[in-house]
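Engineer: Next up, entry-v7.tsv (TSV, C-alpha atoms).
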```
chain	number	residue	atom	x	y	z
A	1	MET	CA	66.86	-34.05	-143.32
A	2	LEU	CA	67.68	-35.37	-139.86
A	3	LYS	CA	64.22	-34.42	-138.59
A	4	ASP	CA	62.41	-36.34	-141.34
A	5	LYS	CA	64.63	-39.38	-140.92
A	6	ILE	CA	63.99	-39.51	-137.16
A	7	GLN	CA	60.24	-38.97	-137.53
A	8	THR	CA	60.05	-41.83	-140.03
A	9	LEU	CA	61.93	-44.13	-137.65
A	10	ALA	CA	59.81	-43.05	-134.66
A	11	ASN	CA	56.62	-43.82	-136.56
A	12	LYS	CA	58.01	-47.17	-137.68
A	13	ILE	CA	58.80	-48.33	-134.12
A	14	TYR	CA	55.70	-46.81	-132.50
A	15	GLY	CA	53.85	-50.11	-132.18
A	16	ASN	CA	56.87	-51.77	-130.58
A	17	THR	CA	57.31	-48.88	-128.14
A	18	VAL	CA	53.67	-49.12	-127.05
A	19	ALA	CA	54.04	-52.88	-126.61
A	20	GLN	CA	57.11	-52.35	-124.43
A	21	ARG	CA	55.26	-49.78	-122.35
A	22	ARG	CA	52.32	-52.14	-121.84
A	23	HIS	CA	54.63	-54.99	-120.82
A	24	LEU	CA	56.30	-52.75	-118.25
A	25	HIS	CA	52.91	-51.48	-117.05
A	26	GLN	CA	51.72	-55.03	-116.47
A	27	HIS	CA	54.87	-55.93	-114.51
A	28	PRO	CA	55.63	-52.98	-112.21
A	29	GLU	CA	58.25	-53.19	-109.48
A	30	LEU	CA	58.85	-50.98	-106.47
A	31	SER	CA	61.90	-48.79	-105.92
A	32	PHE	CA	65.19	-50.70	-105.80
A	33	GLU	CA	63.35	-53.94	-106.56
A	34	GLU	CA	63.35	-53.52	-110.36
A	35	HIS	CA	65.05	-56.84	-111.08
A	36	ASP	CA	62.72	-58.00	-113.88
A	37	THR	CA	62.53	-54.49	-115.33
A	38	CYS	CA	66.32	-54.31	-115.37
A	39	ALA	CA	66.50	-57.71	-117.09
A	40	PHE	CA	63.89	-56.57	-119.65
A	41	VAL	CA	65.88	-53.43	-120.49
A	42	LYS	CA	69.09	-55.43	-120.86
A	43	ALA	CA	67.39	-57.95	-123.14
A	44	GLU	CA	66.08	-55.15	-125.38
A	45	LEU	CA	69.53	-53.53	-125.51
A	46	ASP	CA	71.04	-56.90	-126.41
A	47	LYS	CA	68.66	-57.13	-129.37
A	48	LEU	CA	69.91	-53.74	-130.54
A	49	GLY	CA	73.57	-54.58	-130.00
A	50	ILE	CA	74.02	-51.70	-127.55
A	51	PRO	CA	76.63	-52.31	-124.82
A	52	TYR	CA	75.71	-51.65	-121.19
A	53	VAL	CA	76.76	-52.15	-117.59
A	54	THR	CA	74.71	-52.70	-114.44
A	55	VAL	CA	74.80	-49.78	-112.00
A	56	ALA	CA	73.30	-49.44	-108.50
A	57	LYS	CA	72.18	-53.11	-108.57
A	58	THR	CA	69.04	-52.60	-110.66
A	59	GLY	CA	70.09	-49.71	-112.89
A	60	VAL	CA	71.53	-49.87	-116.40
A	61	LEU	CA	73.98	-47.55	-118.16
A	62	ALA	CA	74.15	-48.04	-121.92
A	63	GLU	CA	76.31	-46.24	-124.45
A	64	ILE	CA	75.97	-45.48	-128.15
A	65	LYS	CA	78.94	-44.02	-130.03
A	66	GLY	CA	78.46	-42.35	-133.37
A	67	ASP	CA	80.74	-43.36	-136.23
A	68	LEU	CA	81.80	-39.79	-137.01
A	69	PRO	CA	84.61	-38.12	-135.03
A	70	SER	CA	83.48	-36.04	-132.04
A	71	ASP	CA	84.26	-35.86	-128.34
A	72	ARG	CA	80.88	-34.44	-127.33
A	73	VAL	CA	78.77	-36.40	-124.85
A	74	THR	CA	75.06	-36.19	-123.97
A	75	ALA	CA	73.22	-38.27	-121.36
A	76	LEU	CA	69.56	-39.28	-121.57
A	77	ARG	CA	67.73	-40.54	-118.48
A	78	ALA	CA	64.62	-42.64	-117.77
A	79	ASP	CA	63.44	-43.93	-114.38
A	80	MET	CA	62.00	-47.44	-114.01
A	81	ASP	CA	60.30	-47.92	-110.62
A	82	ALA	CA	56.60	-48.04	-109.77
A	83	LEU	CA	54.46	-47.07	-106.78
A	84	PRO	CA	52.64	-48.98	-103.99
A	85	ILE	CA	49.20	-48.23	-105.47
A	86	THR	CA	46.45	-50.67	-106.44
A	87	GLU	CA	45.35	-49.99	-110.01
A	88	VAL	CA	41.67	-49.80	-110.92
A	89	ASP	CA	40.25	-52.98	-112.41
A	90	GLY	CA	39.26	-53.58	-116.00
A	91	ARG	CA	42.29	-52.47	-118.00
A	92	GLU	CA	43.58	-54.65	-120.80
A	93	TYR	CA	47.16	-54.00	-119.75
A	94	GLY	CA	46.57	-53.44	-116.02
A	95	SER	CA	49.13	-54.31	-113.39
A	96	GLU	CA	49.54	-58.02	-112.67
A	97	ASN	CA	51.47	-57.25	-109.50
A	98	LYS	CA	48.70	-56.51	-107.00
A	99	GLY	CA	49.29	-53.37	-104.97
A	100	VAL	CA	52.00	-52.06	-107.31
A	101	MET	CA	51.32	-49.74	-110.25
A	102	HIS	CA	53.11	-47.53	-112.75
A	103	ALA	CA	51.09	-44.54	-111.58
A	104	CYS	CA	53.79	-41.99	-112.40
A	105	GLY	CA	54.54	-42.93	-115.99
A	106	HIS	CA	57.95	-44.49	-115.51
A	107	ASP	CA	56.83	-47.28	-117.86
A	108	VAL	CA	56.45	-44.60	-120.54
A	109	HIS	CA	59.84	-43.11	-119.69
A	110	THR	CA	61.61	-46.47	-119.93
A	111	ALA	CA	59.87	-47.61	-123.11
A	112	SER	CA	60.49	-44.21	-124.69
A	113	LEU	CA	64.21	-44.31	-123.94
A	114	LEU	CA	64.38	-47.84	-125.38
A	115	GLY	CA	62.70	-46.50	-128.51
A	116	THR	CA	65.11	-43.57	-128.62
A	117	ALA	CA	67.98	-46.06	-128.31
A	118	ARG	CA	66.60	-48.01	-131.27
A	119	ILE	CA	66.48	-44.85	-133.38
A	120	LEU	CA	69.95	-43.66	-132.38
A	121	GLN	CA	71.55	-47.06	-132.91
A	122	SER	CA	70.21	-47.15	-136.46
A	123	LEU	CA	71.66	-43.68	-137.13
A	124	LYS	CA	75.20	-44.30	-135.84
A	125	ALA	CA	76.68	-43.68	-139.28
A	126	ASP	CA	75.10	-40.22	-139.39
A	127	PHE	CA	76.43	-38.65	-136.19
A	128	GLY	CA	79.49	-38.15	-134.05
A	129	GLY	CA	79.78	-38.16	-130.28
A	130	THR	CA	78.68	-40.39	-127.42
A	131	LEU	CA	75.22	-40.90	-125.99
A	132	LYS	CA	74.88	-42.28	-122.46
A	133	LEU	CA	71.51	-43.89	-121.73
A	134	ILE	CA	70.67	-43.96	-118.03
A	135	PHE	CA	67.94	-46.42	-117.02
A	136	GLN	CA	67.58	-45.52	-113.36
A	137	PRO	CA	66.02	-47.34	-110.39
A	138	GLY	CA	64.45	-45.92	-107.27
A	139	GLU	CA	63.25	-42.45	-108.22
A	140	GLU	CA	60.26	-42.70	-105.88
A	141	ARG	CA	62.17	-43.47	-102.68
A	142	PRO	CA	65.02	-41.70	-100.87
A	143	PRO	CA	67.95	-41.61	-101.20
A	144	GLY	CA	66.93	-41.76	-104.87
A	145	GLY	CA	68.48	-43.94	-107.52
A	146	ALA	CA	69.98	-40.89	-109.23
A	147	SER	CA	72.25	-40.20	-106.26
A	148	LEU	CA	73.40	-43.83	-106.22
A	149	MET	CA	74.08	-43.93	-109.95
A	150	ILE	CA	76.03	-40.68	-109.75
A	151	GLU	CA	78.09	-42.14	-106.89
A	152	GLU	CA	78.88	-45.10	-109.12
A	153	GLY	CA	80.11	-42.86	-111.93
A	154	VAL	CA	77.35	-42.54	-114.56
A	155	LEU	CA	78.37	-38.91	-115.13
A	156	GLU	CA	82.05	-39.74	-115.57
A	157	ASN	CA	84.29	-41.42	-118.16
A	158	PRO	CA	83.17	-39.70	-120.31
A	159	ARG	CA	81.47	-36.74	-118.63
A	160	PRO	CA	78.39	-35.45	-120.49
A	161	GLN	CA	78.03	-31.83	-121.49
A	162	ALA	CA	74.28	-32.19	-120.93
A	163	VAL	CA	71.81	-34.48	-119.17
A	164	VAL	CA	68.26	-34.56	-120.56
A	165	GLY	CA	65.15	-36.21	-119.14
A	166	GLN	CA	61.41	-36.17	-119.73
A	167	HIS	CA	58.38	-36.78	-117.51
A	168	VAL	CA	54.77	-37.50	-118.44
A	169	MET	CA	52.18	-34.86	-117.58
A	170	PRO	CA	48.42	-35.55	-117.86
A	171	LEU	CA	47.57	-31.84	-117.54
A	172	ILE	CA	49.24	-31.23	-120.92
A	173	PRO	CA	47.50	-32.65	-124.02
A	174	ALA	CA	49.29	-35.43	-125.86
A	175	GLY	CA	51.31	-33.98	-128.73
A	176	LYS	CA	52.67	-31.09	-126.69
A	177	VAL	CA	55.73	-30.67	-124.46
A	178	GLY	CA	56.55	-28.05	-121.83
A	179	PHE	CA	59.71	-26.31	-120.66
A	180	ARG	CA	60.80	-24.02	-117.86
A	181	PRO	CA	64.33	-22.63	-117.51
A	182	GLY	CA	65.88	-22.15	-114.06
A	183	LYS	CA	64.35	-23.56	-110.88
A	184	PHE	CA	61.62	-25.94	-111.96
A	185	MET	CA	60.85	-28.60	-109.32
A	186	ALA	CA	61.05	-28.36	-105.54
A	187	SER	CA	63.26	-29.92	-102.92
A	188	THR	CA	61.53	-32.39	-100.64
A	189	ASP	CA	61.99	-33.30	-96.99
A	190	GLU	CA	59.83	-35.75	-95.06
A	191	PHE	CA	58.77	-35.67	-91.40
A	192	PHE	CA	57.88	-38.68	-89.25
A	193	VAL	CA	56.43	-37.53	-85.95
A	194	THR	CA	55.10	-39.26	-82.84
A	195	VAL	CA	53.26	-37.04	-80.37
A	196	LYS	CA	53.04	-38.71	-76.95
A	197	GLY	CA	50.69	-37.94	-74.11
A	198	LYS	CA	48.69	-39.97	-71.61
A	199	GLY	CA	45.60	-41.79	-72.81
A	200	GLY	CA	42.43	-42.57	-71.00
A	201	HIS	CA	38.65	-42.25	-70.99
A	202	GLY	CA	37.26	-39.56	-73.26
A	203	ALA	CA	34.78	-38.57	-70.51
A	204	GLN	CA	37.61	-37.76	-68.11
A	205	PRO	CA	39.97	-35.53	-70.06
A	206	GLN	CA	41.32	-33.92	-66.89
A	207	GLN	CA	43.09	-37.20	-66.11
A	208	ASN	CA	44.79	-37.39	-69.49
A	209	ILE	CA	47.31	-35.56	-71.63
A	210	ASP	CA	45.52	-35.61	-74.95
A	211	PRO	CA	47.95	-36.17	-77.86
A	212	VAL	CA	45.14	-35.67	-80.37
A	213	VAL	CA	44.58	-32.09	-79.25
A	214	ILE	CA	48.33	-31.50	-79.08
A	215	THR	CA	48.69	-32.81	-82.64
A	216	ALA	CA	45.86	-30.58	-83.84
A	217	HIS	CA	47.66	-27.55	-82.42
A	218	ILE	CA	50.94	-28.63	-84.00
A	219	ILE	CA	49.47	-29.09	-87.47
A	220	THR	CA	47.66	-25.76	-87.32
A	221	ALA	CA	50.63	-23.82	-85.91
A	222	LEU	CA	53.07	-25.22	-88.45
A	223	GLN	CA	51.12	-23.69	-91.32
A	224	GLN	CA	52.51	-20.36	-90.08
A	225	VAL	CA	55.94	-21.49	-91.25
A	226	VAL	CA	54.66	-21.03	-94.80
A	227	SER	CA	52.18	-18.19	-94.27
A	228	ARG	CA	54.12	-16.02	-91.80
A	229	ILE	CA	57.80	-17.02	-91.76
A	230	ALA	CA	58.58	-17.85	-95.39
A	231	ASP	CA	59.33	-15.04	-97.81
A	232	PRO	CA	56.11	-14.68	-99.86
A	233	LYS	CA	58.26	-14.65	-103.00
A	234	MET	CA	59.65	-18.11	-102.19
A	235	PRO	CA	57.25	-20.95	-103.06
A	236	SER	CA	56.89	-23.29	-100.09
A	237	VAL	CA	54.51	-26.10	-99.20
A	238	LEU	CA	54.03	-27.93	-95.90
A	239	SER	CA	51.53	-30.80	-95.90
A	240	PHE	CA	50.67	-33.66	-93.56
A	241	GLY	CA	49.17	-36.62	-95.38
A	242	LYS	CA	49.04	-39.22	-92.64
A	243	VAL	CA	47.64	-38.80	-89.11
A	244	ILE	CA	46.96	-41.90	-86.99
A	245	ALA	CA	45.26	-41.58	-83.59
A	246	ASN	CA	44.33	-45.13	-82.73
A	247	GLY	CA	41.72	-44.40	-80.08
A	248	ALA	CA	37.93	-44.58	-80.21
A	249	THR	CA	34.91	-42.33	-79.72
A	250	ASN	CA	35.47	-42.42	-75.97
A	251	VAL	CA	39.14	-43.45	-75.82
A	252	ILE	CA	41.98	-40.94	-75.90
A	253	PRO	CA	45.11	-42.75	-77.19
A	254	ASP	CA	48.56	-42.52	-75.67
A	255	GLU	CA	50.11	-41.20	-78.87
A	256	VAL	CA	49.43	-39.89	-82.35
A	257	TYR	CA	51.60	-40.60	-85.37
A	258	LEU	CA	51.85	-38.27	-88.37
A	259	GLU	CA	53.84	-37.91	-91.57
A	260	GLY	CA	54.35	-34.84	-93.69
A	261	THR	CA	56.46	-33.17	-96.36
A	262	PHE	CA	58.06	-29.76	-96.86
A	263	ARG	CA	59.00	-28.42	-100.29
A	264	THR	CA	60.71	-25.28	-101.50
A	265	PHE	CA	63.29	-23.85	-103.93
A	266	ASP	CA	66.02	-22.42	-101.71
A	267	GLU	CA	68.56	-24.50	-99.78
A	268	GLN	CA	69.19	-21.96	-97.00
A	269	TRP	CA	65.46	-21.47	-96.35
A	270	ARG	CA	64.93	-25.22	-96.61
A	271	LYS	CA	67.41	-25.85	-93.80
A	272	GLU	CA	65.98	-23.04	-91.65
A	273	ALA	CA	62.40	-24.26	-92.20
A	274	ARG	CA	63.26	-27.81	-91.14
A	275	GLU	CA	64.76	-26.51	-87.90
A	276	ARG	CA	61.80	-24.21	-87.20
A	277	ILE	CA	59.23	-26.92	-87.91
A	278	LYS	CA	60.91	-29.31	-85.52
A	279	LYS	CA	61.35	-26.66	-82.81
A	280	ILE	CA	57.73	-25.48	-83.02
A	281	ALA	CA	56.34	-29.02	-82.87
A	282	GLU	CA	58.49	-29.99	-79.89
A	283	GLY	CA	57.73	-26.72	-78.10
A	284	ILE	CA	53.95	-27.06	-78.47
A	285	ALA	CA	54.01	-30.65	-77.26
A	286	GLU	CA	56.10	-29.74	-74.22
A	287	SER	CA	53.97	-26.70	-73.37
A	288	MET	CA	50.86	-28.92	-73.32
A	289	GLY	CA	52.42	-31.62	-71.15
A	290	GLY	CA	53.37	-34.08	-73.86
A	291	THR	CA	56.46	-34.94	-75.87
A	292	CYS	CA	57.23	-35.02	-79.57
A	293	ASP	CA	59.57	-37.48	-81.27
A	294	PHE	CA	60.37	-35.62	-84.49
A	295	LYS	CA	62.41	-37.33	-87.22
A	296	VAL	CA	63.46	-35.63	-90.44
A	297	CYS	CA	64.33	-37.47	-93.65
A	298	VAL	CA	66.27	-35.05	-95.84
A	299	GLY	CA	65.19	-35.72	-99.41
A	300	TYR	CA	65.99	-34.51	-102.90
A	301	PRO	CA	67.35	-31.04	-103.72
A	302	PHE	CA	65.45	-28.68	-106.01
A	303	LEU	CA	65.71	-29.28	-109.75
A	304	VAL	CA	67.20	-26.52	-111.86
A	305	ASN	CA	67.11	-26.44	-115.65
A	306	GLU	CA	70.28	-24.76	-116.89
A	307	PRO	CA	68.95	-21.74	-118.82
A	308	LYS	CA	71.20	-21.87	-121.90
A	309	LEU	CA	70.79	-25.62	-122.36
A	310	THR	CA	67.03	-25.42	-121.78
A	311	ALA	CA	66.70	-22.67	-124.38
A	312	GLU	CA	68.58	-24.85	-126.85
A	313	VAL	CA	66.51	-27.95	-126.11
A	314	ARG	CA	63.30	-25.97	-126.36
A	315	ALA	CA	64.42	-24.68	-129.76
A	316	TYR	CA	65.09	-28.25	-130.89
A	317	ALA	CA	61.60	-29.25	-129.72
A	318	GLU	CA	60.10	-26.39	-131.72
A	319	GLU	CA	62.06	-27.51	-134.79
A	320	PHE	CA	60.85	-31.08	-134.39
A	321	LEU	CA	57.23	-30.50	-133.34
A	322	GLY	CA	56.41	-26.93	-134.35
A	323	LYS	CA	56.27	-23.89	-132.06
A	324	GLU	CA	52.55	-24.33	-131.36
A	325	GLN	CA	53.26	-27.69	-129.70
A	326	VAL	CA	55.72	-26.28	-127.15
A	327	VAL	CA	54.39	-24.54	-124.03
A	328	ASP	CA	55.76	-22.64	-121.03
A	329	LEU	CA	55.59	-24.22	-117.57
A	330	ASP	CA	55.11	-22.78	-114.10
A	331	PRO	CA	57.25	-23.96	-111.16
A	332	TRP	CA	56.12	-27.40	-110.03
A	333	LEU	CA	56.35	-28.26	-106.33
A	334	ALA	CA	56.53	-31.97	-106.99
A	335	ALA	CA	60.00	-33.43	-106.38
A	336	GLU	CA	62.22	-35.49	-108.67
A	337	ASP	CA	65.58	-37.09	-108.05
A	338	PHE	CA	66.63	-35.94	-111.54
A	339	ALA	CA	67.51	-32.91	-109.41
A	340	TYR	CA	70.75	-34.67	-108.46
A	341	TYR	CA	71.85	-34.68	-112.10
A	342	SER	CA	70.93	-31.01	-112.35
A	343	GLN	CA	73.12	-30.23	-109.35
A	344	MET	CA	76.10	-32.00	-110.96
A	345	ALA	CA	75.86	-31.06	-114.64
A	346	ASP	CA	74.00	-28.85	-117.10
A	347	ALA	CA	70.56	-30.43	-117.25
A	348	CYS	CA	67.16	-30.04	-118.87
A	349	PHE	CA	64.03	-31.80	-117.63
A	350	TYR	CA	60.89	-31.26	-119.69
A	351	LEU	CA	57.29	-32.47	-119.52
A	352	LEU	CA	55.71	-34.74	-122.11
A	353	GLY	CA	51.99	-34.16	-122.58
A	354	THR	CA	50.00	-37.39	-122.12
A	355	GLY	CA	46.49	-36.10	-121.41
A	356	ASN	CA	43.38	-36.48	-123.56
A	357	GLU	CA	40.29	-34.89	-122.06
A	358	PRO	CA	37.79	-36.13	-124.69
A	359	ARG	CA	38.90	-39.70	-123.93
A	360	GLY	CA	38.84	-39.12	-120.18
A	361	ILE	CA	42.60	-39.48	-119.73
A	362	THR	CA	42.97	-36.76	-117.13
A	363	SER	CA	43.78	-38.50	-113.84
A	364	ALA	CA	46.64	-37.04	-111.84
A	365	LEU	CA	49.97	-38.71	-111.24
A	366	HIS	CA	50.13	-41.09	-108.26
A	367	THR	CA	46.46	-42.09	-108.49
A	368	SER	CA	44.90	-45.51	-109.09
A	369	THR	CA	43.17	-44.26	-112.25
A	370	PHE	CA	46.26	-42.70	-113.86
A	371	ASP	CA	46.81	-43.55	-117.51
A	372	VAL	CA	48.36	-41.97	-120.59
A	373	ASP	CA	47.32	-41.29	-124.14
A	374	GLU	CA	49.79	-43.58	-125.87
A	375	ASN	CA	49.76	-41.33	-128.93
A	376	ALA	CA	52.25	-39.27	-126.96
A	377	MET	CA	54.75	-42.05	-127.59
A	378	GLN	CA	54.70	-41.24	-131.29
A	379	LEU	CA	56.81	-38.22	-130.40
A	380	SER	CA	58.49	-39.13	-127.10
A	381	THR	CA	61.07	-41.37	-128.79
A	382	GLY	CA	61.76	-39.23	-131.84
A	383	LEU	CA	61.88	-35.95	-129.95
A	384	MET	CA	64.48	-37.23	-127.50
A	385	ALA	CA	66.56	-38.69	-130.33
A	386	TYR	CA	66.41	-35.37	-132.19
A	387	ILE	CA	67.34	-33.41	-129.06
A	388	ALA	CA	70.26	-35.76	-128.42
A	389	LEU	CA	71.71	-35.50	-131.91
A	390	ARG	CA	71.23	-31.72	-132.11
A	391	GLN	CA	72.88	-31.39	-128.71
A	392	LEU	CA	75.85	-33.38	-130.02
A	393	GLY	CA	76.17	-30.77	-132.79
A	394	ASN	CA	74.54	-32.72	-135.61
```
Mind converting the file's structure to structure tokens?

Structural biologist:
Amino acid sequence: MLKDKIQTLANKIYGNTVAQRRHLHQHPELSFEEHDTCAFVKAELDKLGIPYVTVAKTGVLAEIKGDLPSDRVTALRADMDALPITEVDGREYGSENKGVMHACGHDVHTASLLGTARILQSLKADFGGTLKLIFQPGEERPPGGASLMIEEGVLENPRPQAVVGQHVMPLIPAGKVGFRPGKFMASTDEFFVTVKGKGGHGAQPQQNIDPVVITAHIITALQQVVSRIADPKMPSVLSFGKVIANGATNVIPDEVYLEGTFRTFDEQWRKEARERIKKIAEGIAESMGGTCDFKVCVGYPFLVNEPKLTAEVRAYAEEFLGKEQVVDLDPWLAAEDFAYYSQMADACFYLLGTGNEPRGITSALHTSTFDVDENAMQLSTGLMAYIALRQLGN
């Protein structure tokens, strides 16, 4: 059976896949700077005899064609970049690039797709169709490597009938995977705001225009965009994660700088919310005697899992792992540039469980203590290979 053959191969290459993941984890690179990672992927593909081309400077597009006749095409995607986070000390395979860390599991994604490639290459005689392997840079930073790779034609010549990706999730135990059809992950827009006033002595506020107080009013008032303007049925999040008022206990600064993000699942509301947020912030600043320099960085669209394809992929996962290992997911207001693929083609993005509570592997994504239960990689390669071949009609 195809399932048994793939499981045997996945188990056989497990040690190599873990070793590849650890190498990538030790040598993380930031978005659009993945030169060594790109070279590593190419070297591994060369060993397998899989042809590839360089796309978007540090991205790789590889292709495996089955020996049997078929014109069906499926694309598989992994992202390769890391984050500007300093990893906790003491790990055997910790980052050797200080201040940079694979804190979002892209090392797992890349190593898993390399493992999947190894399995699929060894099964060429058993299937028909074409598999496009997308090793993508720059997921963590706008404009997103996905948009650049699409611009350079990764979804053309030939055009895939489906694009499939996976993402690690520490909240799901290793051994399980999760699916959600329809709208799954949120759009994301970023705000970069400078509130200007007139600084001075904290004991003489009447002589100043206090940008700290203005900023406090802006942050508080903007929460009404979610709580009082948004449709309660439409998930929305507005958060400010950086606020810098470089004064002192008795010094009111001239300006305050802040950064925030807005996320939702509807493009019309997204556009309206951006306009309202900017207008409210500028209006409050003006009404209190200050000014507000409000810049918007329009980010990724929302990610939608095509329902029919997602139902099929979920069924393949149940065949490969067993129904008890496949779970339902809620909408997730994190953002992913895989959304660009989902806006251009039928797509399915699922979550790979990597958590292990008894072993203390529970840290959230984008944290300095993030890690994965590498046992998850016993299935991440085989499952994706099985999904790919079933999607091709095998």

Engineer: Using all atoms listed in the file, find all polymer residues with an atom at most 7 Å away from the point (75.8, -41.2, -140.1); report them as a PDB file with C-alpha atoms, in the coordinates of the input.

Structural biologist:
```pdb
ATOM      1  CA  ASP A  67      80.740 -43.360-136.230  1.00  0.00           C
ATOM      2  CA  LEU A  68      81.800 -39.790-137.010  1.00  0.00           C
ATOM      3  CA  LEU A 123      71.660 -43.680-137.130  1.00  0.00           C
ATOM      4  CA  LYS A 124      75.200 -44.300-135.840  1.00  0.00           C
ATOM      5  CA  ALA A 125      76.680 -43.680-139.280  1.00  0.00           C
ATOM      6  CA  ASP A 126      75.100 -40.220-139.390  1.00  0.00           C
ATOM      7  CA  PHE A 127      76.430 -38.650-136.190  1.00  0.00           C
TER       8      PHE A 127
END
```

Engineer: Within 9 Å of stretch 104-118 of chain A, counting all atoms listed in the file, which residues show up once you throw out same-chain ones fewer than 3 positions away? Write them as a count of residues only, please.

Structural biologist: 57

Engineer: For a quick check of understanding, using only C-alpha atoms, which of A:Glu267, A:Asp328, A:Glu139, A:Glu306 has the smallest distance to A:Lys183?

Structural biologist: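 Answer, going by the shortest atom-to-atom distance: A:Glu306.
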
Engineer: Name the closest residue to A:His35 among the candidates A:Lys47, A:Ala56, A:Leu2, A:Phe302; distances are taken between atoms, counting all atoms listed in the file.

Structural biologist: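 Nearest candidate to A:His35 out of A:Lys47, A:Ala56, A:Leu2, A:Phe302: A:Ala56.
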
Engineer: Using all atoms listed in the file, which protein or nucleic acid residues come within 10 Å of A:Lys278? Drop anything in the same chain fewer than 2 positions from it, and give the result as number ranges by chain.

Structural biologist: A: 191, 193, 222, 273-276, 280-283, 292-296

Engineer: Would you kindly identify which residues have an atom no farther than 10 Å from (41.1, -37.2, -123.3), using all atoms listed in the file and the file's own coordinates, and write them out as a ChimeraX atom specification?

Structural biologist: /A:170,173-174,354-363,372-373

Engineer: Give me the residues near stretch 335-352 of chain A as JSON, numbers by chain, where near means some atom within 7 Å (using all atoms listed in the file) and where sequence neighbours in that chain fewer than 5 positions away do not count.

Structural biologist: {"A": [139, 144, 146, 147, 161, 162, 163, 164, 165, 166, 167, 168, 169, 176, 177, 178, 179, 185, 186, 187, 188, 300, 301, 302, 303, 304, 305, 306, 309, 310]}

Engineer: Between atom CA of A:Lys242 and atom CA of A:Val213, what is the spacing in Å?

Structural biologist: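 Spanning atom CA of A:Val213 to atom CA of A:Lys242 is a straight-line distance of 15.8 Å.
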
Engineer: If I take atom CA of A:Leu120 and atom CA of A:Pro307, how far is one from the other in Å, to one decimal?

Structural biologist: 25.8 Å
